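Student: Quick one, coords-v4.cif (mmCIF, C-alpha atoms):
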data_work
loop_
_atom_site.label_atom_id
_atom_site.label_comp_id
_atom_site.auth_asym_id
_atom_site.auth_seq_id
_atom_site.Cartn_x
_atom_site.Cartn_y
_atom_site.Cartn_z
CA MET A 1 85.44 -33.03 -97.97
CA ASN A 2 82.16 -31.27 -98.79
CA GLN A 3 80.23 -33.91 -96.88
CA ASN A 4 82.33 -33.29 -93.80
CA ASN A 5 81.69 -29.52 -93.94
CA SER A 6 78.01 -30.09 -94.39
CA ALA A 7 77.86 -32.33 -91.35
CA SER A 8 79.77 -29.83 -89.28
CA ASN A 9 77.40 -27.01 -90.27
CA ARG A 10 74.40 -29.06 -89.25
CA VAL A 11 75.90 -29.73 -85.84
CA ILE A 12 76.63 -26.05 -85.36
CA LEU A 13 73.09 -25.11 -86.36
CA ILE A 14 71.65 -27.64 -83.98
CA ILE A 15 73.78 -26.37 -81.10
CA PHE A 16 73.00 -22.76 -81.91
CA GLY A 17 69.29 -23.50 -82.17
CA SER A 18 69.37 -25.30 -78.85
CA LEU A 19 71.16 -22.40 -77.20
CA LEU A 20 68.65 -19.98 -78.66
CA ILE A 21 65.72 -22.01 -77.39
CA VAL A 22 67.30 -22.21 -73.90
CA LEU A 23 67.90 -18.47 -73.96
CA LEU A 24 64.31 -17.72 -74.98
CA VAL A 25 62.90 -20.05 -72.33
CA SER A 26 65.17 -18.56 -69.67
CA SER A 27 64.20 -15.02 -70.70
CA ALA A 28 60.50 -15.89 -70.52
CA PHE A 29 60.99 -17.49 -67.09
CA PHE A 30 62.91 -14.55 -65.65
CA TYR A 31 60.39 -12.08 -67.10
CA THR A 32 57.52 -13.95 -65.48
CA LYS A 33 59.38 -14.12 -62.17
CA ILE A 34 60.30 -10.45 -62.20
CA THR A 35 56.71 -9.49 -63.05
CA SER A 36 55.37 -11.57 -60.12
CA ILE A 37 57.88 -10.06 -57.71
CA SER A 38 57.02 -6.59 -58.92
CA LYS A 39 53.32 -7.15 -58.26
CA GLU A 40 54.00 -8.46 -54.76
CA MET A 41 56.17 -5.47 -53.97
CA SER A 42 53.48 -3.17 -55.33
CA GLY A 43 50.96 -4.79 -52.95
CA LEU A 44 53.27 -4.16 -50.03
CA GLY A 45 53.62 -0.49 -50.99
CA VAL A 46 57.24 -0.77 -52.09
CA GLY A 47 58.29 1.92 -54.48
CA LYS A 48 55.78 4.56 -53.25
CA GLN A 49 56.88 7.77 -51.63
CA ASP A 50 57.42 7.77 -47.85
CA ASN A 51 54.92 10.55 -47.27
CA GLN A 52 52.06 8.59 -48.84
CA ILE A 53 49.75 6.78 -46.37
CA LEU A 54 47.35 4.24 -47.75
CA PRO A 55 43.83 4.58 -46.33
CA ASP A 56 42.61 1.81 -44.00
CA ASN A 57 38.83 1.63 -43.96
CA ASN A 58 38.77 -0.57 -40.83
CA SER A 59 40.90 1.66 -38.57
CA GLN A 60 40.51 5.20 -39.98
CA ILE A 61 37.72 7.39 -38.44
CA SER A 62 35.56 8.95 -41.10
CA GLN A 63 35.01 12.67 -41.27
CA GLN A 64 31.32 12.21 -40.36
CA GLN A 65 32.27 10.40 -37.15
CA LYS A 66 34.77 13.16 -36.31
CA ASP A 67 32.02 15.76 -36.77
CA GLU A 68 29.63 13.84 -34.47
CA ILE A 69 32.31 13.53 -31.76
CA ALA A 70 33.04 17.26 -32.01
CA ARG A 71 29.31 18.11 -31.64
CA GLU A 72 28.94 15.85 -28.54
CA CYS A 73 32.00 17.42 -26.88
CA ALA A 74 30.64 20.90 -27.56
CA SER A 75 27.25 19.89 -26.07
CA ILE A 76 28.89 18.53 -22.89
CA VAL A 77 30.98 21.69 -22.44
CA SER A 78 27.91 23.87 -22.94
CA THR A 79 25.89 21.88 -20.38
CA LYS A 80 28.63 22.09 -17.77
CA THR A 81 29.04 25.84 -18.38
CA ASN A 82 25.31 26.58 -18.04
CA SER A 83 24.57 24.35 -15.08
CA GLY A 84 27.51 25.51 -12.98
CA PRO A 85 29.40 23.35 -10.51
CA THR A 86 27.55 20.39 -9.05
CA ILE A 87 27.55 20.26 -5.27
CA GLU A 88 26.82 16.92 -3.70
CA GLN A 89 24.72 17.34 -0.63
CA THR A 90 25.26 15.02 2.28
CA PRO A 91 21.87 13.70 3.45
CA GLN A 92 21.01 14.90 6.90
CA PRO A 93 20.07 12.21 9.40
CA THR A 94 16.37 12.07 10.10
CA ALA A 95 15.55 12.74 13.67
CA LYS A 96 13.92 9.72 15.23
CA LEU A 97 10.93 10.63 17.30
CA THR A 98 10.79 8.91 20.62
CA GLN A 99 7.28 8.07 21.60
CA THR A 100 6.75 8.48 25.28
CA SER A 101 3.99 6.26 26.45
CA THR A 102 1.98 7.29 29.45
CA PRO A 103 2.86 4.88 32.21
CA THR A 104 -0.05 2.87 33.47
CA PRO A 105 -0.47 3.55 37.15
CA LEU A 106 -0.05 0.57 39.39
CA LYS A 107 -3.28 -0.98 40.61
CA GLN A 108 -3.93 -0.78 44.30
CA ILE A 109 -6.02 -3.26 46.20
CA SER A 110 -7.88 -2.64 49.42
CA TYR A 111 -9.95 -5.04 51.52
CA ILE A 112 -12.86 -4.26 53.86
CA PRO A 113 -13.29 -7.12 56.37
CA LEU A 114 -16.72 -8.47 57.25
CA SER A 115 -16.68 -10.27 60.59
CA GLY A 116 -18.58 -13.42 61.69
CA PRO A 117 -19.56 -16.08 62.50
CA ILE A 118 -23.30 -15.55 62.07
CA THR A 119 -25.89 -18.36 61.73
CA THR A 120 -29.52 -18.48 60.62
CA THR A 121 -32.24 -20.92 59.61
CA SER A 122 -34.44 -18.28 57.98
CA THR A 123 -35.67 -18.97 54.49
CA GLY A 124 -36.01 -15.23 53.92
CA TRP A 125 -33.25 -12.63 53.79
CA VAL A 126 -32.09 -11.49 57.23
CA ASP A 127 -29.42 -8.98 58.23
CA ALA A 128 -26.09 -10.21 59.50
CA PRO A 129 -25.37 -8.07 62.54
CA GLY A 130 -21.91 -6.47 62.84
CA THR A 131 -21.33 -6.36 59.07
CA ASP A 132 -22.45 -2.75 58.54
CA ILE A 133 -20.01 -0.55 56.56
CA TYR A 134 -20.07 2.82 54.76
CA ILE A 135 -18.60 3.19 51.29
CA ASP A 136 -18.21 6.30 49.11
CA LEU A 137 -16.60 4.91 45.99
CA ALA A 138 -15.59 8.22 44.33
CA ALA A 139 -14.39 9.89 47.52
CA ASP A 140 -12.63 6.93 49.16
CA TYR A 141 -11.14 5.34 45.98
CA ASN A 142 -12.22 6.43 42.47
CA GLN A 143 -15.35 6.15 40.38
CA GLN A 144 -13.75 3.52 38.08
CA ALA A 145 -12.77 1.20 40.95
CA LEU A 146 -13.76 -2.46 40.66
CA LEU A 147 -15.46 -4.16 43.63
CA THR A 148 -16.07 -7.83 44.39
CA TRP A 149 -16.67 -9.64 47.63
CA GLU A 150 -16.09 -13.14 49.01
CA ALA A 151 -17.76 -15.07 51.83
CA TYR A 152 -17.07 -18.28 53.76
CA LEU A 153 -20.34 -20.24 53.99
CA SER A 154 -21.38 -23.69 55.27
CA VAL A 155 -24.57 -25.77 55.72
CA ALA A 156 -25.15 -27.96 58.78
CA ASN A 157 -25.08 -31.71 58.13
CA SER A 158 -24.12 -30.98 54.51
CA ASN A 159 -27.81 -30.82 53.66
CA GLY A 160 -29.26 -27.74 51.99
CA GLN A 161 -28.08 -24.50 50.43
CA ALA A 162 -26.74 -21.29 51.99
CA PHE A 163 -27.11 -17.83 50.41
CA ALA A 164 -25.43 -14.47 51.12
CA ARG A 165 -25.49 -11.00 49.54
CA ILE A 166 -24.58 -7.32 50.07
CA TYR A 167 -27.50 -5.07 50.79
CA ASP A 168 -27.64 -1.27 50.21
CA VAL A 169 -29.37 -0.09 53.38
CA THR A 170 -29.37 3.55 52.23
CA HIS A 171 -31.42 2.77 49.10
CA SER A 172 -33.16 -0.37 50.43
CA ILE A 173 -31.95 -2.49 47.50
CA ALA A 174 -29.69 -5.50 47.03
CA VAL A 175 -26.39 -4.74 45.32
CA ASN A 176 -26.35 -6.12 41.78
CA GLY A 177 -23.93 -9.03 41.32
CA SER A 178 -23.43 -9.61 45.03
CA GLU A 179 -25.43 -12.84 45.60
CA VAL A 180 -23.35 -16.01 46.28
CA SER A 181 -24.24 -19.52 47.53
CA ILE A 182 -22.96 -23.03 48.33
CA THR A 183 -24.77 -26.40 48.40
CA ASN A 184 -24.45 -29.42 50.73
CA ASN A 185 -21.13 -28.45 52.32
CA ASN A 186 -20.67 -28.37 56.10
CA ILE A 187 -17.10 -27.06 55.85
CA PRO A 188 -16.71 -23.25 55.54
CA THR A 189 -16.05 -22.72 51.85
CA ARG A 190 -14.98 -19.50 50.15
CA ILE A 191 -17.15 -18.27 47.32
CA SER A 192 -16.51 -15.07 45.30
CA SER A 193 -18.97 -12.75 43.57
CA SER A 194 -18.90 -10.99 40.22
CA ASN A 195 -18.29 -7.22 39.99
CA LEU A 196 -20.53 -5.14 42.24
CA SER A 197 -22.53 -2.09 41.11
CA LEU A 198 -22.76 0.59 43.81
CA TRP A 199 -24.78 3.77 43.78
CA GLN A 200 -22.94 7.07 43.89
CA GLY A 201 -22.39 8.86 47.22
CA ARG A 202 -21.78 7.62 50.74
CA ASN A 203 -24.05 4.63 51.39
CA LEU A 204 -24.52 2.08 54.18
CA TYR A 205 -24.05 -1.60 53.26
CA GLN A 206 -24.44 -4.87 55.18
CA VAL A 207 -24.45 -8.65 54.65
CA GLN A 208 -27.76 -10.54 54.41
CA LEU A 209 -28.22 -14.34 54.70
CA LYS A 210 -30.88 -17.01 54.05
CA SER A 211 -31.30 -20.79 54.04
CA LEU A 212 -32.99 -22.66 51.23
CA ASN A 213 -34.84 -25.25 53.38
CA SER A 214 -34.51 -24.07 57.02
CA PHE A 215 -31.32 -26.03 57.68
CA GLU A 216 -28.83 -24.01 59.70
CA ILE A 217 -26.34 -22.08 57.62
CA THR A 218 -23.27 -20.20 58.82
CA PHE A 219 -21.50 -17.10 57.54
CA THR A 220 -18.03 -17.55 58.99
CA SER A 221 -16.44 -14.33 57.61
CA GLY A 222 -16.01 -12.32 54.47
CA ARG A 223 -14.42 -9.25 52.89
CA ILE A 224 -14.98 -6.74 50.10
CA LYS A 225 -12.14 -6.40 47.57
CA ILE A 226 -11.57 -3.00 45.90
CA VAL A 227 -9.15 -2.59 42.96
CA TYR A 228 -8.40 1.04 42.03
#
Could I get this structure in the form of structure tokens?
Tutor:
Amino acid sequence: MNQNNSASNRVILIIFGSLLIVLLVSSAFFYTKITSISKEMSGLGVGKQDNQILPDNNSQISQQQKDEIARECASIVSTKTNSGPTIEQTPQPTAKLTQTSTPTPLKQISYIPLSGPITTTSTGWVDAPGTDIYIDLAADYNQQALLTWEAYLSVANSNGQAFARIYDVTHSIAVNGSEVSITNNNIPTRISSSNLSLWQGRNLYQVQLKSLNSFEITFTSGRIKIVY
């Protein structure tokens, strides 16, 4: 009977010890869990008063930055107040000057005919009768007028050379630039001179002719060209 009671007591002790161990383990587990949850809730701000705001260093503007912004605003307001309203001026169009060029007067051309035909075999200069003319460059045209002359000359049998020029009878001098000639041509051929240089005033001019080697030469006709 005693042995049975002893066995029963041991069973009860074992069961009670097991329950106690389970209870202690469960208590430790729940305590650890509750502590962990409490820390997480503390991190989220649970349990703090509603009127408390945790500072955020990344989004909150510091007091120094606020002071700098306030100073810049005050400076802008002061500048606007001192300078007064800004009036934008519309640029005025620049007047374009029109350059008026002096029109160049049209050139006029006049011709003075010199009649022929006239022949000679003289090897010295001889006058060509009927070719006398008077010219006053400044009075009849203008002092800056340009003069040239042209003559139709030929040599008999196409052998020799014919010469012609304008002679200033008034001053007894040949006109510079007026001498022209052809060689070995029995067909009347036109030959033109360079620019002529005339003396001032009203002067008498005429054509003069000569042959190089006594072969007959002919002055068929000619004319003086005046551009003014």
Student: How many Å separate CA of Gln208 (chain A) from CA of Gln143 (chain A)?
Tutor: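 Value for the CA of Gln208 (chain A)-CA of Gln143 (chain A) distance: 25.1 Å.
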Student: So the first atom is CA of Pro188 (chain A) and the second is CA of Val175 (chain A); what is the distance between them in Å, to one decimal place?
Tutor: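 Value for the CA of Pro188 (chain A)-CA of Val175 (chain A) distance: 23.3 Å.
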Student: Quick one, how far is CA of Arg202 (chain A) from CA of Ile133 (chain A)?
Tutor: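 Value for the CA of Arg202 (chain A)-CA of Ile133 (chain A) distance: 10.2 Å.
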Student: Tell me, as an mmCIF file with C-alpha atoms, in the coordinates of the input, which residues lie within 8 Å of Phe219 (chain A), counting only C-alpha atoms; anything in the same chain fewer than 2 positions away does not count.
Tutor:
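Listed below is the output, out-v3.cif:
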data_model
loop_
_atom_site.group_PDB
_atom_site.id
_atom_site.type_symbol
_atom_site.label_atom_id
_atom_site.label_comp_id
_atom_site.auth_asym_id
_atom_site.auth_seq_id
_atom_site.Cartn_x
_atom_site.Cartn_y
_atom_site.Cartn_z
ATOM 1 C CA GLY A 116 -18.580 -13.420 61.690
ATOM 2 C CA PRO A 117 -19.560 -16.080 62.500
ATOM 3 C CA ILE A 118 -23.300 -15.550 62.070
ATOM 4 C CA THR A 119 -25.890 -18.360 61.730
ATOM 5 C CA ALA A 151 -17.760 -15.070 51.830
ATOM 6 C CA TYR A 152 -17.070 -18.280 53.760
ATOM 7 C CA LEU A 153 -20.340 -20.240 53.990
ATOM 8 C CA SER A 154 -21.380 -23.690 55.270
ATOM 9 C CA ALA A 164 -25.430 -14.470 51.120
ATOM 10 C CA LEU A 209 -28.220 -14.340 54.700
ATOM 11 C CA ILE A 217 -26.340 -22.080 57.620
ATOM 12 C CA SER A 221 -16.440 -14.330 57.610
ATOM 13 C CA GLY A 222 -16.010 -12.320 54.470
#
Student: Let me know the residues the PyMOL selection byres ((chain A and resi 192) around 9) catches in the file above, as JSON, numbers by chain.
Tutor: {"A": [148, 149, 150, 151, 178, 180, 190, 191, 193, 194]}
Student: Starting from the shown file, work through the PyMOL selection byres ((chain A and resi 110) around 8) and note down what comes out as number ranges by chain.
Tutor: A: 108-109, 111-112, 225-227
Student: Could you give me, as a PyMOL selection string, the residues within 12 Å of region 134-136 of chain A, counting all atoms listed in the file and dropping anything in the same chain fewer than 3 positions from it?
Tutor: chain A and resi 111-112+131+139-143+145+147+167-170+198-206+224+226
Student: Okay, now the selection with C-alpha atoms, as a tab-separated table (two decimals), in the coordinates of the input?
Tutor:
chain	number	residue	atom	x	y	z
A	111	TYR	CA	-9.95	-5.04	51.52
A	112	ILE	CA	-12.86	-4.26	53.86
A	131	THR	CA	-21.33	-6.36	59.07
A	139	ALA	CA	-14.39	9.89	47.52
A	140	ASP	CA	-12.63	6.93	49.16
A	141	TYR	CA	-11.14	5.34	45.98
A	142	ASN	CA	-12.22	6.43	42.47
A	143	GLN	CA	-15.35	6.15	40.38
A	145	ALA	CA	-12.77	1.20	40.95
A	147	LEU	CA	-15.46	-4.16	43.63
A	167	TYR	CA	-27.50	-5.07	50.79
A	168	ASP	CA	-27.64	-1.27	50.21
A	169	VAL	CA	-29.37	-0.09	53.38
A	170	THR	CA	-29.37	3.55	52.23
A	198	LEU	CA	-22.76	0.59	43.81
A	199	TRP	CA	-24.78	3.77	43.78
A	200	GLN	CA	-22.94	7.07	43.89
A	201	GLY	CA	-22.39	8.86	47.22
A	202	ARG	CA	-21.78	7.62	50.74
A	203	ASN	CA	-24.05	4.63	51.39
A	204	LEU	CA	-24.52	2.08	54.18
A	205	TYR	CA	-24.05	-1.60	53.26
A	206	GLN	CA	-24.44	-4.87	55.18
A	224	ILE	CA	-14.98	-6.74	50.10
A	226	ILE	CA	-11.57	-3.00	45.90
Student: Apply the PyMOL selection byres ((chain A and resi 121) around 8) to the file shown and report the selected residues as a VMD selection string.
Tutor: chain A and resid 119 to 120 122 to 123 210 to 211 214 to 217
Student: Using all atoms listed in the file, which residue out of A:Val11, A:Leu20, A:Val207, A:Ile34 lies closest to Val126 (chain A)?
Tutor: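 Going through A:Val11, A:Leu20, A:Val207, A:Ile34 one by one, the smallest distance to Val126 (chain A) is for A:Val207.
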Student: For each of A:Leu137, A:Ile21, A:Ile12, A:Leu196, take the minimum atom-to-atom distance to Arg165 (chain A), counting all atoms listed in the file, then give the residue where this is smallest.
Tutor: A:Leu196
Student: Quick one: everything within 10 Å of Ala156 (chain A), counting only C-alpha atoms, minus sequence neighbours fewer than 5 positions away in the same chain. Send it as number ranges by chain.
Tutor: A: 161-162, 184-187, 215-218
Student: For region 110-144 of chain A of the block above, can you save N, CA and C atoms as a compact mmCIF listing (two decimals), in the first residue's frame?
Tutor:
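Listing of out.txt after writing:
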# COMPACT_ATOMS: atom_id res chain seq x y z
N SER A 110 29.33 114.01 -130.40
CA SER A 110 29.16 114.83 -131.60
C SER A 110 30.27 114.47 -132.59
N TYR A 111 29.94 114.61 -133.88
CA TYR A 111 30.92 114.32 -134.93
C TYR A 111 31.08 115.55 -135.82
N ILE A 112 32.33 115.83 -136.19
CA ILE A 112 32.61 116.90 -137.15
C ILE A 112 33.15 116.23 -138.42
N PRO A 113 32.40 116.25 -139.52
CA PRO A 113 32.85 115.55 -140.74
C PRO A 113 34.02 116.27 -141.42
N LEU A 114 34.87 115.46 -142.01
CA LEU A 114 36.01 115.96 -142.79
C LEU A 114 35.89 115.35 -144.18
N SER A 115 35.63 116.18 -145.18
CA SER A 115 35.29 115.66 -146.50
C SER A 115 36.54 115.34 -147.33
N GLY A 116 36.38 114.49 -148.32
CA GLY A 116 37.40 114.06 -149.28
C GLY A 116 36.68 113.73 -150.60
N PRO A 117 37.30 113.00 -151.51
CA PRO A 117 38.65 112.45 -151.40
C PRO A 117 39.74 113.45 -151.80
N ILE A 118 40.93 113.24 -151.25
CA ILE A 118 42.09 114.08 -151.52
C ILE A 118 43.27 113.12 -151.68
N THR A 119 44.08 113.34 -152.77
CA THR A 119 45.23 112.47 -153.03
C THR A 119 46.51 113.30 -153.04
N THR A 120 47.64 112.60 -152.79
CA THR A 120 48.94 113.25 -152.83
C THR A 120 50.02 112.18 -152.97
N THR A 121 51.16 112.60 -153.54
CA THR A 121 52.34 111.75 -153.61
C THR A 121 53.49 112.38 -152.85
N SER A 122 53.22 113.46 -152.12
CA SER A 122 54.26 114.19 -151.41
C SER A 122 54.78 113.35 -150.24
N THR A 123 56.11 113.40 -150.10
CA THR A 123 56.71 112.72 -148.95
C THR A 123 56.81 113.65 -147.74
N GLY A 124 56.41 114.90 -147.91
CA GLY A 124 56.33 115.82 -146.80
C GLY A 124 54.87 116.14 -146.49
N TRP A 125 54.62 116.71 -145.34
CA TRP A 125 53.24 117.01 -144.95
C TRP A 125 52.67 118.12 -145.81
N VAL A 126 51.47 117.87 -146.37
CA VAL A 126 50.76 118.87 -147.16
C VAL A 126 49.35 119.00 -146.61
N ASP A 127 48.77 120.21 -146.82
CA ASP A 127 47.40 120.43 -146.34
C ASP A 127 46.40 119.72 -147.25
N ALA A 128 45.33 119.26 -146.61
CA ALA A 128 44.23 118.67 -147.37
C ALA A 128 43.15 119.73 -147.51
N PRO A 129 43.00 120.30 -148.71
CA PRO A 129 42.06 121.39 -148.87
C PRO A 129 40.61 120.95 -148.60
N GLY A 130 39.83 121.90 -148.01
CA GLY A 130 38.42 121.64 -147.71
C GLY A 130 38.21 120.94 -146.36
N THR A 131 39.27 120.76 -145.59
CA THR A 131 39.12 120.09 -144.29
C THR A 131 39.29 121.08 -143.13
N ASP A 132 39.26 122.38 -143.42
CA ASP A 132 39.46 123.38 -142.38
C ASP A 132 38.23 123.46 -141.46
N ILE A 133 38.46 123.51 -140.15
CA ILE A 133 37.37 123.64 -139.17
C ILE A 133 37.88 124.46 -137.98
N TYR A 134 36.92 125.14 -137.30
CA TYR A 134 37.23 125.86 -136.07
C TYR A 134 36.62 125.09 -134.87
N ILE A 135 37.43 125.02 -133.83
CA ILE A 135 36.95 124.35 -132.61
C ILE A 135 37.35 125.18 -131.40
N ASP A 136 36.35 125.47 -130.54
CA ASP A 136 36.59 126.05 -129.21
C ASP A 136 36.03 125.04 -128.20
N LEU A 137 36.91 124.25 -127.65
CA LEU A 137 36.48 123.11 -126.84
C LEU A 137 35.61 123.54 -125.66
N ALA A 138 36.06 124.53 -124.87
CA ALA A 138 35.33 124.95 -123.68
C ALA A 138 34.01 125.61 -124.04
N ALA A 139 33.99 126.43 -125.06
CA ALA A 139 32.78 127.15 -125.43
C ALA A 139 31.77 126.27 -126.17
N ASP A 140 32.23 125.42 -127.06
CA ASP A 140 31.32 124.61 -127.87
C ASP A 140 30.87 123.33 -127.15
N TYR A 141 31.71 122.79 -126.26
CA TYR A 141 31.40 121.52 -125.57
C TYR A 141 31.68 121.72 -124.08
N ASN A 142 32.79 121.19 -123.57
CA ASN A 142 33.29 121.52 -122.24
C ASN A 142 34.77 121.15 -122.19
N GLN A 143 35.46 121.74 -121.22
CA GLN A 143 36.90 121.61 -121.17
C GLN A 143 37.36 120.17 -120.95
N GLN A 144 36.47 119.32 -120.35
CA GLN A 144 36.83 117.93 -120.08
C GLN A 144 36.41 116.99 -121.21
